[in-house]
Amino acid sequence: MNLLELQQRLGARVRSTIEEKFVSFPPVQGEIPPRTELGDVAFPVAFEVAKRLKQEKGERANPRAIAEALKAALEAEAGVARVEVAGAGYLNVFYDRAQSLQHLVDSSDAPAALPQDDASEKSKVIVEHTNINPNKAAHIGHLRNGVLGDTFVRVLRATGATVEVQNYIDNTGVQVADVVVGFMHIEHMALEDVRRLDESLTPERPFDYYCWDLYAQVGLFYRRGDAEGKEDPELLKLRSDTLHAIEAGDNPTAELADYIATRIVECHLKTMGRLGIRYDVLPRESEILSLRFWDRAFGRLKETGAIRFETEGRNANCWVMPADSHTGTDEHDADKIIVRSNGTVTYAGKDIAYQLWKLGELGLDFYYKPFQQYVDGHVVWVTTSQPPTDEAMVANQPPKFGGGSIVYNVIDSRQSYTQDIVQRGVQAVVPGLAREPSVHLSYEMVALSPAASEELGFELSAEDRARPHIEMSGRKGLGVKVDDLIDRLEANALNEVDTRHAELSPEEKFETARTIATGALRYFLLKWTRNSLIAFDFKEALSFEGETGPYCQYAAVRANSIFRKLDDDTLARARAFAKGLAGSEPDAEAVRQIFAGEGGDELWSLLTQAARLEETTAQVAAQAEPAYLAKYTFQLAKAFNLFYHRHRIIAEENETRRVVLINIADLVRRQLTAALATLGISVPERM
RNA sequence: GCACCCGUAGCUCAGUUGGAUAGAGCGUUUGACUUCGAAUCAAAAGGUCGUAGGUUCGAGCCCUACCGGGUGUACCA
């Protein structure tokens, strides 16, 4: 369902007419006028034509006259009712509204035929998101990553792409090591003790919450209890020793680390699952190390000369990636160390190896085993260093992971510099790939408003209180845990449902509340453009009114309620009427009268807005900006709410008018539901 | 120092690639439930688009300089 084809056809016609009558001209796009009275699509090309005429032929022409000359060609096109020349030379096209309605209803029946350009080999898109350090509960900042990534995945799938979702697990990093230090040196626990502790924990304070607190304690521990003090080098040695033990593997410390990381990943998946966020595969850093991915990437980097060995200077005995611009006084200032002087590899190096694998350019693969299964049977796989041994594992083969034609990495903007290094490394090794095969999908962080910070019980200095926002800190334990926030949203939603729909069963009430909470939270995180920093505020995040997910859901619920009261036969007849418009001129004329009459522009405007979902989705996929889809959905919901308020549909007495209203409401509710689904938000029965 | 991001209504933000009269939400004020549900709708007030130049038919958007804020710039991950 879209009007894009018509728009594109008109654009092509404009161009060919210009070339025929005036000068050579680039492809024209057409744009949506700011107001319905100005038409359905506008071509402000006359100014450019006048300029080109002057430049290329020395002719002086009036833009208005040029627009007039193009008008006739457009008026001859099918689907066009009339064309106006406005202002200094705008060419405004008005569609035939009856014909458009017929077309929209007709095409909405066919399941959106995906453009299967080449069935032989469909390329795969990989999206990597979430990537939370597996050492504590997820906070709202982590959630922004997950929601952004998951929504982008849904957008890509809506455009027909095949998408693989990866969640990278850094199970051998310092953050995990810190919690291991906490268990071993603060709590004096070994693996068995931690296991027993884990089993004894209550749902109010599960394992990831426990580790959240412990991690904050470790931060203090390194500072000998003084939050403002310096870290004690002697205690920091515990961290590096632990880290080395984890990387080496095959020892009690590494086993404890593995237990913690695995359990926390389970918690994270459960948390994300509450919002419908899912994964296909969990590549782990431990396997990148043990399967020697880095060694292979290292060789490739050396071969291509992307990195070089320093024999002197401050980076002596390191492998560095030279900076491409030398702005500092010392030209080595900006060089990035990839391999340290002690021979170990930095994060950037490991990430280059991982990216190469994702693009199918490393020449190595992981082994896999099932990690968990969602209720619908979908399996999440995790990497492992051992080939399958027993028969059951051999029989249960994973899909082919990695080898994407394009890779999106959802990573916050603070890591732009490092990501840049990684991109350069990848491009040096595989120069033949399409431009930017690996895309950093960056976004700003979520910080806390001073009020939110105090609500969490953190004392603020006068200086902090004056700041626009306060950065969350896992080390200080300062942050809004995702599960806490969802719990509050669900409780609030349940409260509302309870007062509005006392007749529902407790299960129905809870399910409705859950859906509303998900809608509120996902929309809250999606309505901001990626490079807008979110200063988290409880009042705003907990709101169900105004520009929120529940507002959009409510519009869809209302639309559905119309059709619950309408018998199926009426709907079928209404659709048949719309489809038959092409064959009945009197009916078509009656429909035109309705759109031309009182409030007709408003009806038409709602219809065209609903028709633009596919176009918007494609744009969101191209620009990787899910906020546009959120805005679109809200605007459609808003327009529908107005329509709903202005018109009584079932009670409408004029038969033709009633049929038109039914068709509009039907198309809008379907598009609205589809838009929400792409945002990961479903529509409850009642709310 | 250098690099990137940001500066639009009281607050928080959009502004779809340079188009027509600058848009939402929240907050404030005021109206609308006997209706397909008011988690809604309508109306009002609120703007020197940080400042100063420039580019052109046209600039919130592009260029230059400056002012103010943020984030990076590790032999951390």
# chains A, B, ... in the order shown; residues from 1 in each chain; ligands from 1
>>> closest_atom_pairs(of="chain B", to="chain A", cutoff="12 Å", atoms="only C-alpha atoms (C1' of nucleotides)", output="CSV")
residue,atom,partner,partner_atom,distance
B:G1,C1',A:Gly328,CA,8.1
B:C2,C1',A:Thr327,CA,7.1
B:A3,C1',A:Tyr417,CA,8.8
B:C4,C1',A:Ser416,CA,8.1
B:C5,C1',A:Asn531,CA,7.2
B:C6,C1',A:Ser532,CA,8.1
B:C11,C1',A:Pro468,CA,11.6
B:U12,C1',A:Ala535,CA,8.8
B:C13,C1',A:Trp528,CA,7.3
B:A14,C1',A:Lys631,CA,8.1
B:G15,C1',A:Tyr628,CA,11.1
B:U16,C1',A:Gln619,CA,8.1
B:U17,C1',A:Gln623,CA,10.7
B:G18,C1',A:Pro44,CA,11.4
B:G19,C1',A:Pro44,CA,7.3
B:A20,C1',A:Gly87,CA,7.3
B:U21,C1',A:Pro34,CA,9.9
B:A22,C1',A:Pro34,CA,11.4
B:G23,C1',A:Pro34,CA,10.9
B:A24,C1',A:Glu547,CA,8.2
B:G25,C1',A:Glu547,CA,5.4
B:C26,C1',A:Gly546,CA,7.9
B:A32,C1',A:His645,CA,10.8
B:C33,C1',A:His645,CA,11.7
B:U35,C1',A:Arg648,CA,8.2
B:C36,C1',A:Ile562,CA,4.7
B:G37,C1',A:Arg558,CA,7.3
B:A38,C1',A:His645,CA,10.5
B:A39,C1',A:Glu545,CA,5.9
B:U40,C1',A:Asn641,CA,7.1
B:C41,C1',A:His645,CA,6.3
B:A42,C1',A:Leu642,CA,9.7
B:U56,C1',A:Lys51,CA,10.6
B:C57,C1',A:Phe47,CA,6.8
B:G58,C1',A:Phe47,CA,9.5
B:G69,C1',A:Pro468,CA,9.4
B:G70,C1',A:Leu533,CA,9.2
B:U71,C1',A:Arg414,CA,6.0
B:G72,C1',A:Arg414,CA,6.0
B:U73,C1',A:Tyr417,CA,7.8
B:A74,C1',A:Ile337,CA,9.4
B:C75,C1',A:Arg340,CA,4.8
B:C76,C1',A:Val174,CA,7.8
B:A77,C1',A:Gly173,CA,5.9
>>> residues_around(residues="Val155 of chain A", least_positions_apart="3", cutoff="7 Å", atoms="only C-alpha atoms (C1' of nucleotides)", output="ChimeraX atom specification")
/A:151-152,158-159,617,621,678
>>> write_last_selection(atoms="C-alpha atoms", output="PDB file, in the first residue's frame")
ATOM      1  CA  THR A 151      14.006  -1.898  16.381  1.00  0.00           C
ATOM      2  CA  PHE A 152      16.492  -1.463  13.586  1.00  0.00           C
ATOM      3  CA  ALA A 158      10.050  -5.120   7.349  1.00  0.00           C
ATOM      4  CA  THR A 159      11.873  -4.070   4.198  1.00  0.00           C
ATOM      5  CA  THR A 617      10.161   2.328   6.885  1.00  0.00           C
ATOM      6  CA  ALA A 621      16.325   1.558   7.071  1.00  0.00           C
ATOM      7  CA  THR A 678       7.969  -2.671  13.705  1.00  0.00           C
TER       8      THR A 678
END
>>> residues_around(residues="Leu243 of chain A", least_positions_apart="5", cutoff="12 Å", atoms="only C-alpha atoms (C1' of nucleotides)", output="VMD selection string")
(chain A and resid 171 to 181 236 to 238 248 to 249 251 253 to 254 256 to 257 286) or (chain B and resid 76 to 77)
>>> select_by_dssp(residues="segment 236-309 of chain A", states="alpha helix (DSSP H)", output="PyMOL selection string")
chain A and resi 236-248+252-273+285-290+293-304
>>> select_by_dssp(residues="segment 370-550 of chain A", states="strand (DSSP E)", output="MDAnalysis selection string")
chainID A and resid 370:373 379:384 406:412 438:443 446:448 470:471 534:536
>>> write_last_selection(atoms="N, CA, C and O atoms", output="tab-separated table (two decimals), in the first residue's frame")
chain	number	residue	atom	x	y	z
A	370	PRO	N	23.77	-24.68	21.81
A	370	PRO	CA	22.57	-23.92	22.17
A	370	PRO	C	22.76	-23.27	23.53
A	370	PRO	O	23.33	-23.89	24.44
A	371	PHE	N	22.31	-22.03	23.65
A	371	PHE	CA	22.41	-21.34	24.95
A	371	PHE	C	21.07	-21.40	25.66
A	371	PHE	O	20.98	-21.73	26.82
A	372	GLN	N	20.02	-21.06	24.92
A	372	GLN	CA	18.67	-21.19	25.47
A	372	GLN	C	17.66	-21.15	24.34
A	372	GLN	O	18.00	-20.88	23.20
A	373	GLN	N	16.43	-21.44	24.71
A	373	GLN	CA	15.37	-21.50	23.71
A	373	GLN	C	14.21	-20.62	24.15
A	373	GLN	O	13.80	-20.65	25.30
A	379	VAL	N	16.06	-20.76	18.91
A	379	VAL	CA	17.22	-21.07	19.75
A	379	VAL	C	18.26	-19.95	19.65
A	379	VAL	O	18.55	-19.46	18.57
A	380	VAL	N	18.79	-19.57	20.80
A	380	VAL	CA	19.93	-18.66	20.84
A	380	VAL	C	21.18	-19.51	20.99
A	380	VAL	O	21.26	-20.32	21.91
A	381	TRP	N	22.14	-19.33	20.11
A	381	TRP	CA	23.36	-20.11	20.17
A	381	TRP	C	24.47	-19.29	20.81
A	381	TRP	O	24.47	-18.07	20.74
A	382	VAL	N	25.41	-20.03	21.42
A	382	VAL	CA	26.56	-19.36	22.00
A	382	VAL	C	27.81	-20.03	21.44
A	382	VAL	O	27.79	-21.21	21.09
A	383	THR	N	28.87	-19.27	21.32
A	383	THR	CA	30.09	-19.85	20.77
A	383	THR	C	30.78	-20.74	21.79
A	383	THR	O	30.60	-20.59	23.00
A	384	THR	N	31.54	-21.70	21.29
A	384	THR	CA	32.32	-22.57	22.16
A	384	THR	C	33.60	-22.93	21.42
A	384	THR	O	33.66	-22.82	20.19
A	406	ILE	N	26.76	-6.85	5.03
A	406	ILE	CA	26.93	-5.57	5.71
A	406	ILE	C	26.67	-5.79	7.19
A	406	ILE	O	25.84	-6.61	7.57
A	407	VAL	N	27.42	-5.09	8.01
A	407	VAL	CA	27.36	-5.28	9.45
A	407	VAL	C	27.09	-3.96	10.14
A	407	VAL	O	27.77	-2.97	9.88
A	408	TYR	N	26.06	-3.93	10.98
A	408	TYR	CA	25.77	-2.72	11.78
A	408	TYR	C	26.17	-2.98	13.22
A	408	TYR	O	25.76	-3.98	13.81
A	409	ASN	N	26.97	-2.10	13.78
A	409	ASN	CA	27.39	-2.24	15.17
A	409	ASN	C	26.76	-1.13	15.99
A	409	ASN	O	27.10	0.04	15.82
A	410	VAL	N	25.84	-1.50	16.85
A	410	VAL	CA	25.19	-0.50	17.68
A	410	VAL	C	26.05	-0.26	18.91
A	410	VAL	O	26.13	-1.11	19.81
A	411	ILE	N	26.73	0.86	18.90
A	411	ILE	CA	27.69	1.17	19.97
A	411	ILE	C	27.60	2.67	20.28
A	411	ILE	O	27.46	3.47	19.37
A	412	ASP	N	27.67	3.04	21.54
A	412	ASP	CA	27.46	4.45	21.86
A	412	ASP	C	28.61	5.32	21.34
A	412	ASP	O	29.69	4.86	21.05
A	438	SER	N	31.14	-2.19	7.25
A	438	SER	CA	30.94	-2.27	8.69
A	438	SER	C	30.56	-0.88	9.19
A	438	SER	O	31.33	0.06	9.11
A	439	VAL	N	29.34	-0.75	9.67
A	439	VAL	CA	28.81	0.57	10.02
A	439	VAL	C	28.68	0.73	11.53
A	439	VAL	O	28.10	-0.11	12.21
A	440	HIS	N	29.25	1.81	12.02
A	440	HIS	CA	29.08	2.13	13.44
A	440	HIS	C	27.77	2.88	13.60
A	440	HIS	O	27.67	4.03	13.21
A	441	LEU	N	26.78	2.20	14.17
A	441	LEU	CA	25.49	2.85	14.39
A	441	LEU	C	25.57	3.48	15.79
A	441	LEU	O	25.29	2.84	16.80
A	442	SER	N	25.99	4.74	15.80
A	442	SER	CA	26.29	5.35	17.09
A	442	SER	C	25.10	6.10	17.66
A	442	SER	O	24.22	6.55	16.93
A	443	TYR	N	25.09	6.23	18.97
A	443	TYR	CA	24.01	6.96	19.64
A	443	TYR	C	24.58	7.57	20.91
A	443	TYR	O	25.58	7.09	21.45
A	446	VAL	N	22.59	7.60	27.77
A	446	VAL	CA	21.49	7.98	28.65
A	446	VAL	C	22.12	8.42	29.96
A	446	VAL	O	22.86	7.67	30.58
A	447	ALA	N	21.86	9.65	30.35
A	447	ALA	CA	22.35	10.13	31.63
A	447	ALA	C	21.15	10.35	32.54
A	447	ALA	O	20.01	10.11	32.14
A	448	LEU	N	21.39	10.77	33.77
A	448	LEU	CA	20.29	10.98	34.70
A	448	LEU	C	20.07	12.48	34.89
A	448	LEU	O	21.03	13.25	34.94
A	470	ILE	N	23.62	13.91	34.85
A	470	ILE	CA	24.66	13.21	35.60
A	470	ILE	C	24.88	11.85	34.94
A	470	ILE	O	23.93	11.10	34.74
A	471	GLU	N	26.11	11.55	34.62
A	471	GLU	CA	26.40	10.29	33.96
A	471	GLU	C	26.20	9.11	34.92
A	471	GLU	O	26.56	9.19	36.09
A	534	ILE	N	19.90	11.52	26.21
A	534	ILE	CA	18.69	11.43	27.03
A	534	ILE	C	19.05	11.72	28.48
A	534	ILE	O	19.84	11.01	29.07
A	535	ALA	N	18.46	12.78	29.01
A	535	ALA	CA	18.61	13.02	30.45
A	535	ALA	C	17.40	12.34	31.09
A	535	ALA	O	16.30	12.90	31.11
A	536	PHE	N	17.62	11.16	31.61
A	536	PHE	CA	16.51	10.33	32.09
A	536	PHE	C	15.75	11.00	33.23
A	536	PHE	O	16.34	11.46	34.21
>>> atom_distance(atom1="atom CA of Leu581 of chain A", atom2="atom CA of Ile664 of chain A")
14.7 Å
>>> residues_around(residues="segment 49-51 of chain B", least_positions_apart="6", cutoff="9 Å", atoms="only C-alpha atoms (C1' of nucleotides)", output="list in words")
G7, U8, A22, G60, C66, C67 and G68 of chain B
>>> write_last_selection(atoms="N, CA and C atoms (P, O5', C5', C4', C3', O3' and C1' of nucleotides)", output="PDB file, in the first residue's frame")
ATOM      1  P     G B   7      21.327  21.429  17.823  1.00  0.00           P
ATOM      2  O5'   G B   7      21.443  22.576  18.906  1.00  0.00           O
ATOM      3  C5'   G B   7      20.835  22.403  20.188  1.00  0.00           C
ATOM      4  C4'   G B   7      21.126  23.606  21.070  1.00  0.00           C
ATOM      5  C3'   G B   7      20.557  24.919  20.552  1.00  0.00           C
ATOM      6  O3'   G B   7      20.062  25.701  21.638  1.00  0.00           O
ATOM      7  C1'   G B   7      22.905  25.109  20.806  1.00  0.00           C
ATOM      8  P     U B   8      18.534  25.564  22.016  1.00  0.00           P
ATOM      9  O5'   U B   8      17.822  25.880  20.636  1.00  0.00           O
ATOM     10  C5'   U B   8      17.728  27.210  20.152  1.00  0.00           C
ATOM     11  C4'   U B   8      16.510  27.364  19.287  1.00  0.00           C
ATOM     12  C3'   U B   8      15.200  26.958  19.947  1.00  0.00           C
ATOM     13  O3'   U B   8      14.685  27.988  20.782  1.00  0.00           O
ATOM     14  C1'   U B   8      15.312  25.968  17.820  1.00  0.00           C
ATOM     15  P     A B  22       6.763  30.974   9.662  1.00  0.00           P
ATOM     16  O5'   A B  22       7.014  29.520  10.245  1.00  0.00           O
ATOM     17  C5'   A B  22       7.515  28.500   9.368  1.00  0.00           C
ATOM     18  C4'   A B  22       7.919  27.315  10.208  1.00  0.00           C
ATOM     19  C3'   A B  22       6.870  27.008  11.267  1.00  0.00           C
ATOM     20  O3'   A B  22       6.474  25.651  11.179  1.00  0.00           O
ATOM     21  C1'   A B  22       9.039  27.298  12.248  1.00  0.00           C
ATOM     22  P     G B  60      16.051  30.310   7.830  1.00  0.00           P
ATOM     23  O5'   G B  60      16.340  29.460   9.138  1.00  0.00           O
ATOM     24  C5'   G B  60      17.364  29.837  10.036  1.00  0.00           C
ATOM     25  C4'   G B  60      17.848  28.642  10.803  1.00  0.00           C
ATOM     26  C3'   G B  60      18.712  27.680   9.991  1.00  0.00           C
ATOM     27  O3'   G B  60      20.068  28.051  10.056  1.00  0.00           O
ATOM     28  C1'   G B  60      16.988  26.488  11.098  1.00  0.00           C
ATOM     29  P     C B  66      37.893  31.229  15.591  1.00  0.00           P
ATOM     30  O5'   C B  66      36.821  31.937  16.545  1.00  0.00           O
ATOM     31  C5'   C B  66      37.106  33.224  17.084  1.00  0.00           C
ATOM     32  C4'   C B  66      35.850  33.843  17.648  1.00  0.00           C
ATOM     33  C3'   C B  66      35.249  33.143  18.859  1.00  0.00           C
ATOM     34  O3'   C B  66      35.908  33.457  20.064  1.00  0.00           O
ATOM     35  C1'   C B  66      33.530  33.675  17.316  1.00  0.00           C
ATOM     36  P     C B  67      35.952  32.356  21.234  1.00  0.00           P
ATOM     37  O5'   C B  67      34.478  32.436  21.835  1.00  0.00           O
ATOM     38  C5'   C B  67      33.994  33.658  22.407  1.00  0.00           C
ATOM     39  C4'   C B  67      32.568  33.485  22.865  1.00  0.00           C
ATOM     40  C3'   C B  67      32.300  32.261  23.737  1.00  0.00           C
ATOM     41  O3'   C B  67      32.651  32.468  25.088  1.00  0.00           O
ATOM     42  C1'   C B  67      30.644  32.402  22.064  1.00  0.00           C
ATOM     43  P     G B  68      33.136  31.186  25.975  1.00  0.00           P
ATOM     44  O5'   G B  68      31.819  30.301  26.117  1.00  0.00           O
ATOM     45  C5'   G B  68      30.780  30.720  26.993  1.00  0.00           C
ATOM     46  C4'   G B  68      29.594  29.788  26.867  1.00  0.00           C
ATOM     47  C3'   G B  68      29.870  28.322  27.155  1.00  0.00           C
ATOM     48  O3'   G B  68      29.928  28.027  28.530  1.00  0.00           O
ATOM     49  C1'   G B  68      28.586  28.502  25.178  1.00  0.00           C
TER      50        G B  68
END
>>> closest_residue(among="A:Ala261, A:Arg97, A:Ala316, A:Leu521", to="Gly600 of chain A", atoms="only C-alpha atoms")
A:Arg97
>>> residues_around(residues="Glu589 of chain A", least_positions_apart="4", cutoff="8 Å", atoms="only C-alpha atoms (C1' of nucleotides)", output="MDAnalysis selection string")
chainID A and resid 98 585 593
>>> atom_distance(atom1="atom CA of Gly305 of chain A", atom2="atom CA of Leu291 of chain A")
23.8 Å
>>> atom_distance(atom1="atom CA of Leu661 of chain A", atom2="atom CA of Leu603 of chain A")
8.2 Å
>>> decode(residues="segment 334-392 of chain A", atoms="C-alpha atoms", output="short mmCIF file (atom, residue, chain, number, x, y, z; two decimals), in the first residue's frame")
data_model
loop_
_atom_site.label_atom_id
_atom_site.label_comp_id
_atom_site.auth_asym_id
_atom_site.auth_seq_id
_atom_site.Cartn_x
_atom_site.Cartn_y
_atom_site.Cartn_z
CA ALA A 334 47.94 10.00 17.41
CA ASP A 335 49.18 6.51 16.56
CA LYS A 336 47.00 3.81 18.06
CA ILE A 337 48.64 0.87 19.79
CA ILE A 338 47.19 -2.44 18.63
CA VAL A 339 49.67 -4.85 20.23
CA ARG A 340 51.29 -3.83 23.49
CA SER A 341 55.00 -4.08 24.19
CA ASN A 342 54.33 -7.18 26.29
CA GLY A 343 52.80 -8.87 23.28
CA THR A 344 49.14 -8.74 24.35
CA VAL A 345 46.50 -7.35 22.05
CA THR A 346 44.24 -4.38 22.81
CA TYR A 347 40.47 -4.23 22.50
CA ALA A 348 40.67 -2.59 19.09
CA GLY A 349 42.75 -5.48 17.76
CA LYS A 350 40.35 -8.09 19.05
CA ASP A 351 37.45 -6.17 17.56
CA ILE A 352 39.12 -6.06 14.15
CA ALA A 353 39.36 -9.86 14.24
CA TYR A 354 35.71 -10.13 15.27
CA GLN A 355 34.56 -7.72 12.56
CA LEU A 356 36.49 -9.70 9.94
CA TRP A 357 34.72 -12.84 11.07
CA LYS A 358 31.35 -11.10 10.87
CA LEU A 359 32.11 -10.15 7.27
CA GLY A 360 33.21 -13.67 6.44
CA GLU A 361 36.72 -12.45 5.73
CA LEU A 362 38.70 -14.09 8.52
CA GLY A 363 38.83 -17.66 7.26
CA LEU A 364 38.01 -19.09 10.69
CA ASP A 365 34.76 -19.95 12.46
CA PHE A 366 33.55 -20.65 15.97
CA TYR A 367 31.94 -23.83 17.22
CA TYR A 368 28.45 -23.40 18.65
CA LYS A 369 26.14 -24.86 21.22
CA PRO A 370 22.57 -23.92 22.17
CA PHE A 371 22.41 -21.34 24.95
CA GLN A 372 18.67 -21.19 25.47
CA GLN A 373 15.37 -21.50 23.71
CA TYR A 374 12.54 -18.99 23.56
CA VAL A 375 8.98 -20.21 24.12
CA ASP A 376 8.30 -20.26 20.38
CA GLY A 377 11.24 -22.59 19.85
CA HIS A 378 13.76 -20.10 18.50
CA VAL A 379 17.22 -21.07 19.75
CA VAL A 380 19.93 -18.66 20.84
CA TRP A 381 23.36 -20.11 20.17
CA VAL A 382 26.56 -19.36 22.00
CA THR A 383 30.09 -19.85 20.77
CA THR A 384 32.32 -22.57 22.16
CA SER A 385 35.90 -23.60 21.53
CA GLN A 386 35.21 -27.34 21.22
CA PRO A 387 33.74 -29.15 18.24
CA PRO A 388 30.55 -31.07 19.03
CA THR A 389 31.33 -34.41 20.67
CA ASP A 390 28.22 -36.46 21.37
CA GLU A 391 25.75 -37.52 18.71
CA ALA A 392 22.93 -35.28 19.89
#
